[in-house]
>>> print(open('run_37.txt').read())   # compact mmCIF, C-alpha atoms
# COMPACT_ATOMS: atom_id res chain seq x y z
CA MET O 1 -7.86 -25.16 -9.17
CA THR O 2 -10.89 -27.46 -9.42
CA SER O 3 -13.01 -27.22 -12.54
CA ASN O 4 -16.30 -28.40 -13.95
CA ASN O 5 -15.28 -27.34 -17.45
CA PRO O 6 -13.77 -30.15 -19.57
CA GLN O 7 -11.83 -27.61 -21.62
CA THR O 8 -10.22 -26.21 -18.48
CA ARG O 9 -9.20 -29.69 -17.39
CA GLU O 10 -7.72 -30.35 -20.84
CA TRP O 11 -5.61 -27.18 -20.67
CA GLN O 12 -4.52 -28.02 -17.13
CA ALA O 13 -3.45 -31.46 -18.35
CA LEU O 14 -1.31 -29.81 -21.03
CA SER O 15 0.24 -27.66 -18.32
CA SER O 16 0.97 -30.71 -16.20
CA ASP O 17 2.43 -32.71 -19.08
CA HIS O 18 4.44 -30.08 -20.94
CA HIS O 19 4.72 -26.61 -19.37
CA LEU O 20 7.30 -25.32 -16.88
CA ALA O 21 6.00 -22.03 -15.46
CA PRO O 22 8.15 -19.12 -14.22
CA PHE O 23 8.60 -18.58 -10.47
CA SER O 24 6.60 -21.72 -9.65
CA ASP O 25 6.84 -24.85 -7.57
CA PHE O 26 6.54 -27.31 -10.44
CA LYS O 27 5.24 -30.17 -8.30
CA GLN O 28 2.66 -28.00 -6.54
CA LEU O 29 1.41 -26.48 -9.79
CA LYS O 30 1.18 -29.93 -11.39
CA GLU O 31 -1.03 -31.11 -8.54
CA LYS O 32 -3.19 -27.99 -8.37
CA GLY O 33 -3.44 -26.91 -11.99
CA PRO O 34 -3.18 -23.28 -13.13
CA ARG O 35 -6.01 -20.83 -13.59
CA ILE O 36 -6.49 -20.47 -17.35
CA ILE O 37 -6.97 -16.89 -18.54
CA THR O 38 -8.73 -16.80 -21.90
CA SER O 39 -9.63 -13.17 -22.66
CA ALA O 40 -9.33 -9.60 -21.45
CA LYS O 41 -10.79 -6.14 -22.01
CA GLY O 42 -10.01 -2.84 -20.34
CA VAL O 43 -9.01 -3.65 -16.74
CA TYR O 44 -10.74 -7.05 -16.65
CA LEU O 45 -9.71 -10.66 -17.30
CA TRP O 46 -11.90 -13.71 -17.90
CA ASP O 47 -10.84 -17.26 -17.10
CA SER O 48 -11.91 -20.51 -18.71
CA GLU O 49 -14.56 -20.99 -16.02
CA GLY O 50 -16.24 -17.72 -17.03
CA ASN O 51 -15.10 -15.73 -13.99
CA LYS O 52 -14.59 -11.98 -14.46
CA ILE O 53 -11.52 -10.66 -12.62
CA LEU O 54 -10.40 -7.07 -12.01
CA ASP O 55 -6.68 -7.04 -12.80
CA GLY O 56 -5.20 -4.97 -10.00
CA MET O 57 -1.66 -5.75 -11.22
CA ALA O 58 -1.91 -4.74 -14.92
CA GLY O 59 -0.56 -8.17 -15.83
CA LEU O 60 2.94 -7.85 -14.39
CA TRP O 61 2.85 -4.06 -13.93
CA CYS O 62 2.79 -3.60 -17.69
CA VAL O 63 -0.66 -3.27 -19.33
CA ALA O 64 -0.68 0.52 -19.13
CA ILE O 65 -3.41 1.35 -21.64
CA GLY O 66 -5.57 -1.65 -20.77
CA TYR O 67 -6.44 -4.83 -22.59
CA GLY O 68 -8.08 -5.05 -25.99
CA ARG O 69 -6.74 -1.94 -27.75
CA ASP O 70 -7.19 -2.70 -31.44
CA GLU O 71 -4.76 0.07 -32.38
CA LEU O 72 -1.82 -1.94 -31.07
CA ALA O 73 -2.95 -5.10 -32.85
CA ASP O 74 -3.35 -3.11 -36.06
CA ALA O 75 0.12 -1.58 -35.70
CA ALA O 76 1.64 -5.04 -35.25
CA SER O 77 -0.27 -6.46 -38.21
CA LYS O 78 0.73 -3.60 -40.51
CA GLN O 79 4.39 -3.88 -39.56
CA MET O 80 4.39 -7.66 -39.97
CA ARG O 81 3.23 -7.23 -43.53
CA GLU O 82 5.78 -4.52 -44.36
CA LEU O 83 8.88 -5.78 -42.52
CA PRO O 84 8.27 -8.58 -40.02
CA TYR O 85 11.88 -8.76 -38.90
CA TYR O 86 15.36 -7.54 -39.51
CA ASN O 87 18.31 -7.17 -37.18
CA LEU O 88 20.23 -4.05 -36.17
CA PHE O 89 23.67 -5.61 -36.57
CA PHE O 90 26.10 -4.87 -39.43
CA GLN O 91 25.45 -1.11 -39.60
CA THR O 92 21.78 -1.62 -40.49
CA ALA O 93 18.55 -0.13 -39.10
CA HIS O 94 14.86 0.20 -39.98
CA PRO O 95 12.33 3.05 -39.66
CA PRO O 96 10.26 1.83 -36.69
CA VAL O 97 13.21 1.53 -34.31
CA LEU O 98 14.68 4.88 -35.36
CA GLU O 99 11.34 6.64 -34.96
CA LEU O 100 10.82 4.97 -31.59
CA ALA O 101 14.23 6.06 -30.30
CA LYS O 102 13.29 9.66 -31.17
CA VAL O 103 9.85 9.42 -29.53
CA ILE O 104 11.34 7.96 -26.33
CA SER O 105 13.86 10.79 -26.21
CA ASP O 106 10.96 13.23 -26.49
CA VAL O 107 9.34 11.94 -23.28
CA ALA O 108 12.54 11.03 -21.39
CA PRO O 109 14.25 13.46 -19.01
CA GLU O 110 16.28 16.24 -20.59
CA GLY O 111 19.62 15.14 -21.97
CA MET O 112 18.64 11.49 -22.37
CA ASN O 113 18.47 11.16 -26.14
CA HIS O 114 19.88 7.71 -26.94
CA VAL O 115 18.33 4.24 -26.59
CA PHE O 116 19.80 0.73 -26.79
CA PHE O 117 16.92 -1.71 -27.38
CA THR O 118 16.51 -5.15 -25.83
CA GLY O 119 13.78 -7.77 -25.50
CA SER O 120 13.05 -7.21 -21.81
CA GLY O 121 13.97 -5.30 -18.69
CA SER O 122 16.25 -8.15 -17.62
CA GLU O 123 18.19 -7.80 -20.86
CA GLY O 124 18.21 -4.04 -20.36
CA ASN O 125 19.99 -4.47 -17.03
CA ASP O 126 22.44 -6.95 -18.54
CA THR O 127 23.16 -4.28 -21.15
CA MET O 128 23.64 -1.69 -18.42
CA LEU O 129 26.23 -3.79 -16.64
CA ARG O 130 28.19 -4.32 -19.85
CA MET O 131 27.90 -0.66 -20.84
CA VAL O 132 28.97 0.71 -17.45
CA ARG O 133 32.14 -1.37 -17.49
CA HIS O 134 32.83 -0.53 -21.14
CA TYR O 135 32.37 3.17 -20.34
CA TRP O 136 34.95 3.17 -17.55
CA ALA O 137 37.40 1.11 -19.61
CA ILE O 138 37.22 3.73 -22.39
CA LYS O 139 37.97 6.41 -19.78
CA GLY O 140 41.07 4.54 -18.71
CA GLN O 141 39.61 3.35 -15.40
CA PRO O 142 38.98 -0.37 -16.03
CA LYS O 143 38.99 -1.18 -12.28
CA LYS O 144 35.66 0.66 -11.85
CA LYS O 145 33.62 -2.51 -12.31
CA VAL O 146 31.60 -2.87 -9.10
CA ILE O 147 27.86 -2.15 -9.26
CA ILE O 148 26.13 -1.23 -5.99
CA SER O 149 22.50 -2.28 -5.71
CA ARG O 150 19.97 -2.70 -2.87
CA LYS O 151 18.80 -5.66 -0.86
CA ASN O 152 15.34 -6.78 -1.96
CA GLY O 153 15.59 -4.75 -5.16
CA TYR O 154 14.50 -6.45 -8.37
CA HIS O 155 16.37 -6.02 -11.64
CA GLY O 156 15.34 -9.11 -13.61
CA SER O 157 15.81 -12.85 -13.63
CA THR O 158 18.82 -13.44 -15.87
CA VAL O 159 22.14 -14.26 -14.20
CA ALA O 160 23.21 -10.61 -14.27
CA GLY O 161 19.71 -9.28 -13.50
CA ALA O 162 19.19 -11.60 -10.55
CA SER O 163 22.67 -10.75 -9.26
CA LEU O 164 21.94 -7.03 -9.50
CA GLY O 165 18.71 -7.63 -7.63
CA GLY O 166 18.95 -8.19 -3.92
CA MET O 167 16.53 -11.07 -3.37
CA THR O 168 18.29 -13.78 -1.39
CA TYR O 169 15.89 -16.55 -2.42
CA MET O 170 16.96 -15.94 -6.03
CA HIS O 171 20.65 -15.80 -5.08
CA GLU O 172 20.39 -19.18 -3.36
CA GLN O 173 19.69 -20.86 -6.70
CA GLY O 174 22.66 -20.58 -9.04
CA ASP O 175 25.52 -19.34 -6.84
CA LEU O 176 24.57 -15.69 -7.20
CA PRO O 177 25.40 -12.87 -7.15
CA ILE O 178 28.20 -12.98 -9.68
CA PRO O 179 31.41 -11.14 -8.73
CA GLY O 180 31.46 -7.36 -8.87
CA ILE O 181 27.98 -6.72 -7.46
CA VAL O 182 27.34 -5.66 -3.85
CA HIS O 183 24.19 -4.66 -1.98
CA ILE O 184 23.14 -2.09 0.60
CA ALA O 185 20.05 -1.70 2.80
CA GLN O 186 16.70 -0.90 1.23
CA PRO O 187 14.67 2.17 2.34
CA TYR O 188 11.84 0.05 3.83
CA TRP O 189 10.83 1.94 6.94
CA PHE O 190 7.73 -0.11 7.81
CA GLY O 191 9.59 -3.40 7.76
CA GLU O 192 13.06 -2.35 8.90
CA GLY O 193 12.88 1.14 10.41
CA GLY O 194 12.70 0.03 14.03
CA ASP O 195 12.39 2.97 16.43
CA MET O 196 13.62 5.55 13.92
CA THR O 197 11.22 8.05 12.37
CA PRO O 198 10.72 7.57 8.63
CA ASN O 199 12.98 10.53 7.82
CA GLU O 200 15.69 9.37 10.22
CA PHE O 201 15.57 5.95 8.63
CA GLY O 202 15.66 7.47 5.14
CA ILE O 203 18.90 9.28 5.94
CA TRP O 204 20.37 6.15 7.54
CA ALA O 205 19.48 3.99 4.50
CA ALA O 206 20.89 6.56 2.08
CA ASN O 207 24.11 6.83 4.05
CA GLN O 208 24.67 3.12 3.48
CA LEU O 209 25.52 4.03 -0.12
CA GLU O 210 28.39 6.28 0.94
CA GLU O 211 29.63 3.70 3.43
CA LYS O 212 29.65 1.02 0.73
CA ILE O 213 31.43 3.29 -1.77
CA LEU O 214 34.16 3.95 0.78
CA GLU O 215 34.35 0.27 1.76
CA VAL O 216 34.73 -0.93 -1.84
CA GLY O 217 36.83 2.06 -2.86
CA VAL O 218 35.61 4.80 -5.15
CA ASP O 219 38.23 3.76 -7.71
CA ASN O 220 36.48 0.37 -7.96
CA VAL O 221 32.81 1.45 -8.09
CA GLY O 222 31.28 1.89 -11.52
CA ALA O 223 27.61 2.57 -10.76
CA PHE O 224 24.72 2.55 -8.33
CA ILE O 225 21.45 1.06 -9.61
CA ALA O 226 18.05 1.49 -7.92
CA GLU O 227 14.36 1.52 -8.68
CA PRO O 228 12.78 4.92 -7.89
CA ILE O 229 10.13 2.86 -6.07
CA GLN O 230 10.87 -0.81 -5.44
CA GLY O 231 8.14 -2.78 -7.16
CA ALA O 232 8.51 -6.53 -6.76
CA GLY O 233 10.08 -5.94 -3.34
CA GLY O 234 6.70 -4.75 -2.06
CA VAL O 235 6.03 -1.25 -3.46
CA ILE O 236 8.62 0.23 -1.13
CA ILE O 237 8.35 4.01 -1.24
CA PRO O 238 11.42 5.68 0.23
CA PRO O 239 10.96 8.20 3.06
CA ASP O 240 11.03 11.81 1.88
CA SER O 241 14.57 12.22 3.17
CA TYR O 242 16.02 9.33 1.14
CA TRP O 243 16.44 10.49 -2.44
CA PRO O 244 17.72 14.00 -1.61
CA ARG O 245 20.50 12.43 0.49
CA ILE O 246 21.26 9.84 -2.21
CA LYS O 247 21.60 12.67 -4.74
CA GLU O 248 24.11 14.44 -2.46
CA ILE O 249 26.19 11.26 -2.21
CA LEU O 250 26.07 10.62 -5.96
CA ALA O 251 27.20 14.19 -6.64
CA LYS O 252 30.18 13.70 -4.32
CA TYR O 253 31.66 10.60 -5.95
CA ASP O 254 32.65 9.76 -9.50
CA ILE O 255 30.20 6.94 -10.22
CA LEU O 256 27.28 6.49 -12.59
CA PHE O 257 23.66 6.36 -11.42
CA VAL O 258 21.24 3.96 -13.09
CA ALA O 259 17.48 4.22 -12.51
CA ASP O 260 15.61 0.98 -13.14
CA GLU O 261 12.41 2.38 -14.65
CA VAL O 262 10.98 -0.96 -15.80
CA ILE O 263 8.00 -0.57 -13.44
CA CYS O 264 7.88 3.18 -12.77
CA GLY O 265 8.38 4.26 -16.39
CA PHE O 266 5.68 5.40 -18.84
CA GLY O 267 3.25 6.97 -16.41
CA ARG O 268 2.97 4.68 -13.40
CA THR O 269 3.79 7.46 -10.90
CA GLY O 270 1.76 10.14 -12.66
CA GLU O 271 4.92 11.38 -14.37
CA TRP O 272 6.47 9.86 -17.47
CA PHE O 273 9.24 8.35 -15.34
CA GLY O 274 9.90 7.82 -11.66
CA THR O 275 13.04 9.89 -12.11
CA ASP O 276 10.80 12.82 -13.06
CA PHE O 277 8.77 12.28 -9.89
CA TYR O 278 11.90 12.38 -7.70
CA ASP O 279 14.07 14.62 -9.96
CA LEU O 280 16.87 12.04 -9.99
CA LYS O 281 18.81 12.85 -13.20
CA PRO O 282 20.33 9.41 -13.85
CA HIS O 283 23.02 8.55 -16.39
CA MET O 284 21.05 5.52 -17.61
CA MET O 285 17.47 4.29 -17.29
CA THR O 286 16.28 0.73 -17.89
CA ILE O 287 12.85 0.50 -19.54
CA ALA O 288 10.35 -2.22 -20.53
CA LYS O 289 6.77 -3.18 -19.46
CA GLY O 290 4.77 0.03 -20.07
CA LEU O 291 6.82 0.72 -23.21
CA THR O 292 4.47 -1.56 -25.19
CA SER O 293 1.78 -1.98 -22.50
CA GLY O 294 2.92 -5.60 -22.42
CA TYR O 295 1.34 -6.37 -25.79
CA ILE O 296 4.69 -7.57 -27.15
CA PRO O 297 8.06 -8.01 -25.45
CA MET O 298 10.44 -5.06 -25.59
CA GLY O 299 12.91 -3.33 -23.31
CA GLY O 300 15.82 -0.98 -23.50
CA LEU O 301 18.34 1.29 -21.89
CA ILE O 302 18.09 5.08 -22.22
CA VAL O 303 21.53 6.68 -21.99
CA ARG O 304 22.47 10.27 -21.21
CA ASP O 305 24.23 12.30 -23.88
CA ASP O 306 27.51 12.80 -22.01
CA VAL O 307 27.83 9.04 -21.49
CA VAL O 308 27.24 8.44 -25.20
CA GLU O 309 29.98 10.94 -26.04
CA VAL O 310 32.43 8.69 -24.20
CA LEU O 311 31.02 5.51 -25.76
CA ASN O 312 31.48 7.06 -29.21
CA GLU O 313 35.24 7.00 -28.62
CA GLY O 314 35.39 3.32 -27.64
CA GLY O 315 35.08 1.41 -30.89
CA ASP O 316 32.75 -1.60 -31.07
CA PHE O 317 30.39 -2.27 -28.17
CA ASN O 318 30.38 -6.05 -28.41
CA HIS O 319 26.89 -6.63 -27.14
CA GLY O 320 23.41 -7.07 -28.58
CA PHE O 321 20.48 -9.41 -29.18
CA THR O 322 18.84 -11.00 -32.19
CA TYR O 323 15.63 -9.18 -31.33
CA SER O 324 17.10 -5.80 -30.30
CA GLY O 325 14.69 -3.18 -31.62
CA HIS O 326 12.42 -5.75 -33.32
CA PRO O 327 10.41 -3.82 -35.92
CA VAL O 328 7.03 -5.20 -34.82
CA ALA O 329 7.73 -4.42 -31.17
CA ALA O 330 8.91 -0.94 -32.17
CA ALA O 331 5.73 -0.32 -34.16
CA VAL O 332 3.59 -1.39 -31.19
CA ALA O 333 5.61 0.79 -28.82
CA LEU O 334 5.21 3.79 -31.12
CA GLU O 335 1.44 3.34 -31.17
CA ASN O 336 1.33 2.76 -27.41
CA ILE O 337 3.23 5.98 -26.68
CA ARG O 338 1.03 7.85 -29.17
CA ILE O 339 -2.05 6.73 -27.24
CA LEU O 340 -0.48 7.66 -23.90
CA ARG O 341 0.27 11.14 -25.26
CA ASP O 342 -2.82 11.83 -27.37
CA GLU O 343 -5.26 10.59 -24.74
CA LYS O 344 -3.29 12.39 -22.00
CA ILE O 345 -3.31 9.22 -19.92
CA VAL O 346 -0.26 10.18 -17.84
CA GLU O 347 -1.78 13.56 -17.06
CA ARG O 348 -5.06 11.92 -16.05
CA VAL O 349 -3.21 9.56 -13.72
CA ARG O 350 -1.48 12.53 -12.08
CA THR O 351 -4.52 14.77 -11.65
CA GLU O 352 -7.46 12.37 -11.34
CA THR O 353 -7.06 8.63 -10.89
CA ALA O 354 -3.89 8.52 -8.75
CA PRO O 355 -5.20 10.98 -6.13
CA TYR O 356 -8.50 9.10 -6.06
CA LEU O 357 -6.88 5.67 -5.76
CA GLN O 358 -4.58 6.85 -2.96
CA LYS O 359 -7.50 8.39 -1.08
CA ARG O 360 -9.66 5.26 -1.38
CA LEU O 361 -6.81 2.87 -0.53
CA ARG O 362 -6.04 4.73 2.68
CA GLU O 363 -9.59 4.10 3.84
CA LEU O 364 -8.43 0.53 4.39
CA SER O 365 -6.13 1.74 7.17
CA ASP O 366 -8.96 1.30 9.67
CA HIS O 367 -9.06 -2.46 9.06
CA PRO O 368 -7.80 -4.51 12.04
CA LEU O 369 -5.39 -6.42 9.78
CA VAL O 370 -3.81 -3.36 8.14
CA GLY O 371 -0.66 -1.83 9.61
CA GLU O 372 0.07 0.65 6.82
CA VAL O 373 -1.27 1.72 3.46
CA ARG O 374 1.14 3.54 1.16
CA GLY O 375 1.29 4.45 -2.50
CA VAL O 376 2.36 6.81 -5.25
CA GLY O 377 0.57 7.25 -8.54
CA LEU O 378 -1.10 3.97 -9.46
CA LEU O 379 1.08 1.93 -7.13
CA GLY O 380 -0.12 0.78 -3.73
CA ALA O 381 0.81 -1.48 -0.83
CA ILE O 382 -1.19 -2.79 2.14
CA GLU O 383 0.83 -4.18 5.07
CA LEU O 384 -0.87 -7.05 6.91
CA VAL O 385 -0.03 -7.25 10.62
CA GLN O 386 -1.06 -8.87 13.88
CA ASP O 387 -0.39 -5.74 15.94
CA LYS O 388 -0.75 -2.27 14.45
CA ALA O 389 1.17 -0.46 17.17
CA THR O 390 4.31 -2.63 17.05
CA ARG O 391 4.07 -3.59 13.35
CA LYS O 392 4.35 -7.23 14.48
CA ARG O 393 3.50 -9.83 11.81
CA TYR O 394 1.60 -13.10 12.02
CA GLU O 395 4.64 -15.38 12.16
CA GLY O 396 4.53 -18.47 9.96
CA LYS O 397 0.91 -18.01 8.91
CA GLY O 398 1.46 -17.04 5.27
CA VAL O 399 -1.09 -14.25 5.64
CA GLY O 400 -0.29 -12.68 2.29
CA MET O 401 -0.92 -15.93 0.43
CA ILE O 402 -4.15 -16.48 2.34
CA CYS O 403 -5.33 -13.03 1.28
CA ARG O 404 -4.19 -13.57 -2.32
CA THR O 405 -6.25 -16.77 -2.51
CA PHE O 406 -9.35 -14.94 -1.29
CA CYS O 407 -8.68 -12.27 -3.92
CA PHE O 408 -8.56 -14.88 -6.68
CA GLU O 409 -11.81 -16.38 -5.42
CA ASN O 410 -13.54 -13.00 -5.35
CA GLY O 411 -12.66 -11.52 -8.71
CA LEU O 412 -9.56 -9.45 -7.89
CA ILE O 413 -5.87 -9.78 -8.71
CA MET O 414 -3.72 -8.46 -5.85
CA ARG O 415 -0.16 -9.71 -5.48
CA ALA O 416 1.32 -10.94 -2.21
CA VAL O 417 4.93 -10.06 -1.36
CA GLY O 418 5.35 -11.82 1.94
CA ASP O 419 2.59 -10.28 4.07
CA THR O 420 2.33 -7.17 1.90
CA MET O 421 -0.48 -6.93 -0.64
CA ILE O 422 0.39 -4.80 -3.64
CA ILE O 423 -1.47 -3.31 -6.59
CA ALA O 424 -0.59 -1.57 -9.84
CA PRO O 425 -3.73 -1.45 -12.02
CA PRO O 426 -3.79 -0.37 -15.67
CA LEU O 427 -3.32 3.37 -16.08
CA VAL O 428 -6.76 3.60 -17.71
CA ILE O 429 -8.64 2.44 -14.60
CA THR O 430 -11.66 4.65 -13.87
CA PRO O 431 -12.86 5.99 -10.50
CA ALA O 432 -15.76 3.53 -10.58
CA GLU O 433 -13.32 0.64 -11.16
CA ILE O 434 -11.15 1.95 -8.32
CA ASP O 435 -14.23 1.80 -6.08
CA GLU O 436 -14.75 -1.80 -7.13
CA LEU O 437 -11.10 -2.64 -6.45
CA VAL O 438 -11.18 -1.16 -2.94
CA THR O 439 -14.52 -2.79 -2.10
CA LYS O 440 -13.22 -6.20 -3.17
CA ALA O 441 -9.94 -5.63 -1.31
CA ARG O 442 -11.82 -4.89 1.93
CA LYS O 443 -13.93 -8.01 1.49
CA CYS O 444 -10.79 -10.12 1.04
CA LEU O 445 -9.19 -8.53 4.11
CA ASP O 446 -12.31 -9.42 6.10
CA LEU O 447 -12.17 -13.01 4.87
CA THR O 448 -8.46 -13.21 5.69
CA LEU O 449 -9.01 -11.95 9.23
CA SER O 450 -11.85 -14.43 9.76
CA ALA O 451 -9.62 -17.26 8.55
CA LEU O 452 -6.87 -16.24 10.97
CA GLN O 453 -9.29 -16.01 13.88
CA GLY O 454 -10.99 -19.30 13.00
>>> encode(input="run_37.txt", output="structure tokens")
Amino acid sequence: MTSNNPQTREWQALSSDHHLAPFSDFKQLKEKGPRIITSAKGVYLWDSEGNKILDGMAGLWCVAIGYGRDELADAASKQMRELPYYNLFFQTAHPPVLELAKVISDVAPEGMNHVFFTGSGSEGNDTMLRMVRHYWAIKGQPKKKVIISRKNGYHGSTVAGASLGGMTYMHEQGDLPIPGIVHIAQPYWFGEGGDMTPNEFGIWAANQLEEKILEVGVDNVGAFIAEPIQGAGGVIIPPDSYWPRIKEILAKYDILFVADEVICGFGRTGEWFGTDFYDLKPHMMTIAKGLTSGYIPMGGLIVRDDVVEVLNEGGDFNHGFTYSGHPVAAAVALENIRILRDEKIVERVRTETAPYLQKRLRELSDHPLVGEVRGVGLLGAIELVQDKATRKRYEGKGVGMICRTFCFENGLIMRAVGDTMIIAPPLVITPAEIDELVTKARKCLDLTLSALQG
């Protein structure tokens, strides 16, 4: 990123000299220099060059109530003065984490009344893996260790989280996945459905779960984990036939079901959780991101009552983190959920902004570069193709990255997953801001097409 601002260049020099960024080519970033974000308000960011940017990704899916909410800063400040930190080890607790556990149980699906707190969604999924295996050991079935997940799913970036996820480029670094984790096909009709109808493909993809259970052996399978809607994989929305068939399979076999709600949770789909949207009834749900609107790190695992009844008979659960249920994070989460409830933000997403966003996004379907537009709630995906009829891609062109660069240059954050452009704006986005997002997206699609034709 070139700059005429000496301050920007100074920050970029610090990045080059000292900072190792996540999911980055260190050499490339050192040569190019990062964009420096300096402030934010509502759904907008400002960089050190003074550019105003509409954040179509809510940070990393997380800034639910928008940037600049003083209430969350005040909650953090108040808690820091009262009790800035104490751990939850040694049969000790503190009010914020206990109150938060109760509030989460109030909005969680029925029967899910217990929460184990972590510092992130990755840690939440590590906790899940440990808890699933501990659960089956207590029940006298210690062989039930295998976790079934999905190809191209995302469950974090720790060793366990990346193993649970099905992204091969992550597995290639670090000899992953670790033993005891296997993967099945994802329900990605547009990319992998071939000549099947969406519903035919949904049934086929769901049936891969039963085939894998039988292959591994039901006596060896502990759980199936899945995102209600795959986020980082490209906002992959299963065909309508998928989840009903998955539920039939889960009911047939004695395994646990874990819903990774890190992205879908806390209103993203227009319901409090993606499991509410699809009526999934999981045994465990991983949470993070929207829990605090990203203002401070926090994650957790919500656990169903009947699972906890078994865990209560198992003695010590030898697992936890220094920052599990951090009091400042808990105070911020409490205030964040209060705002979501009192301002009826989730209800507004369901009845107003999500229908409007989905309507406006689908207007982009007429663009020559767009093969499909899909979305649920305030999640959306735009597939970039060379041929609409065959769904053929531009091979080796890096079309998604070309489009993402034009977005950056024209005041819009859209994320590229291969040649799929995805969005997940803050839940507080207004219809007027949705209009701006779609207008800028169309402009960037036009520029991308011109670049490909040039």
>>> closest_residue(input="run_37.txt", among="O:Arg348, O:Arg360, O:Lys281, O:Lys392", to="O:Asp435", atoms="only C-alpha atoms")
O:Arg360
>>> atom_distance(input="run_37.txt", atom1="atom CA of O:Ser293", atom2="atom CA of O:Glu335")
10.2 Å
>>> residues_around(input="run_37.txt", residues="O:Val328", least_positions_apart="3", cutoff="10 Å", atoms="all atoms listed in the file", output="ChimeraX atom specification")
/O:75-86,96-97,296-298,325,331-334
>>> residues_around(input="run_37.txt", residues="O:Ala101", least_positions_apart="3", cutoff="6 Å", atoms="all atoms listed in the file", output="MDAnalysis selection string")
chainID O and resid 98 104 115
>>> write_last_selection(input="run_37.txt", atoms="C-alpha atoms", output="compact mmCIF listing (two decimals), keeping the file's coordinate frame")
# COMPACT_ATOMS: atom_id res chain seq x y z
CA LEU O 98 14.68 4.88 -35.36
CA ILE O 104 11.34 7.96 -26.33
CA VAL O 115 18.33 4.24 -26.59
>>> atom_distance(input="run_37.txt", atom1="atom CA of O:Glu347", atom2="atom CA of O:Gly274")
14.1 Å
>>> residues_around(input="run_37.txt", residues="O:Glu123", least_positions_apart="3", cutoff="10 Å", atoms="all atoms listed in the file", output="PDB file with C-alpha atoms, in the coordinates of the input")
ATOM      1  CA  PHE O 117      16.920  -1.710 -27.380  1.00  0.00           C
ATOM      2  CA  THR O 118      16.510  -5.150 -25.830  1.00  0.00           C
ATOM      3  CA  GLY O 119      13.780  -7.770 -25.500  1.00  0.00           C
ATOM      4  CA  SER O 120      13.050  -7.210 -21.810  1.00  0.00           C
ATOM      5  CA  ASP O 126      22.440  -6.950 -18.540  1.00  0.00           C
ATOM      6  CA  THR O 127      23.160  -4.280 -21.150  1.00  0.00           C
ATOM      7  CA  MET O 128      23.640  -1.690 -18.420  1.00  0.00           C
ATOM      8  CA  LEU O 129      26.230  -3.790 -16.640  1.00  0.00           C
ATOM      9  CA  HIS O 155      16.370  -6.020 -11.640  1.00  0.00           C
ATOM     10  CA  GLY O 156      15.340  -9.110 -13.610  1.00  0.00           C
ATOM     11  CA  SER O 157      15.810 -12.850 -13.630  1.00  0.00           C
ATOM     12  CA  THR O 158      18.820 -13.440 -15.870  1.00  0.00           C
ATOM     13  CA  ALA O 160      23.210 -10.610 -14.270  1.00  0.00           C
ATOM     14  CA  GLY O 161      19.710  -9.280 -13.500  1.00  0.00           C
ATOM     15  CA  THR O 286      16.280   0.730 -17.890  1.00  0.00           C
ATOM     16  CA  ILE O 287      12.850   0.500 -19.540  1.00  0.00           C
ATOM     17  CA  ALA O 288      10.350  -2.220 -20.530  1.00  0.00           C
ATOM     18  CA  MET O 298      10.440  -5.060 -25.590  1.00  0.00           C
ATOM     19  CA  GLY O 299      12.910  -3.330 -23.310  1.00  0.00           C
ATOM     20  CA  GLY O 300      15.820  -0.980 -23.500  1.00  0.00           C
ATOM     21  CA  LEU O 301      18.340   1.290 -21.890  1.00  0.00           C
ATOM     22  CA  GLY O 320      23.410  -7.070 -28.580  1.00  0.00           C
ATOM     23  CA  PHE O 321      20.480  -9.410 -29.180  1.00  0.00           C
ATOM     24  CA  SER O 324      17.100  -5.800 -30.300  1.00  0.00           C
TER      25      SER O 324
END
>>> residues_around(input="run_37.txt", residues="O:Asp387", least_positions_apart="5", cutoff="8 Å", atoms="all atoms listed in the file", output="ChimeraX atom specification")
/O:369,371,392-393
>>> build_atoms(input="run_37.txt", residues="stretch 308-314 of chain O", atoms="N, CA and C atoms", output="compact mmCIF listing (two decimals), in the frame of the given file")
# COMPACT_ATOMS: atom_id res chain seq x y z
N VAL O 308 27.12 8.87 -23.80
CA VAL O 308 27.24 8.44 -25.20
C VAL O 308 28.46 9.07 -25.86
N GLU O 309 28.78 10.29 -25.48
CA GLU O 309 29.98 10.94 -26.04
C GLU O 309 31.23 10.13 -25.74
N VAL O 310 31.30 9.55 -24.55
CA VAL O 310 32.43 8.69 -24.20
C VAL O 310 32.36 7.38 -24.98
N LEU O 311 31.17 6.77 -25.04
CA LEU O 311 31.02 5.51 -25.76
C LEU O 311 31.41 5.65 -27.23
N ASN O 312 31.16 6.83 -27.81
CA ASN O 312 31.48 7.06 -29.21
C ASN O 312 32.98 6.95 -29.50
N GLU O 313 33.79 7.06 -28.45
CA GLU O 313 35.24 7.00 -28.62
C GLU O 313 35.80 5.60 -28.36
N GLY O 314 34.92 4.62 -28.11
CA GLY O 314 35.39 3.32 -27.64
C GLY O 314 35.37 2.20 -28.64
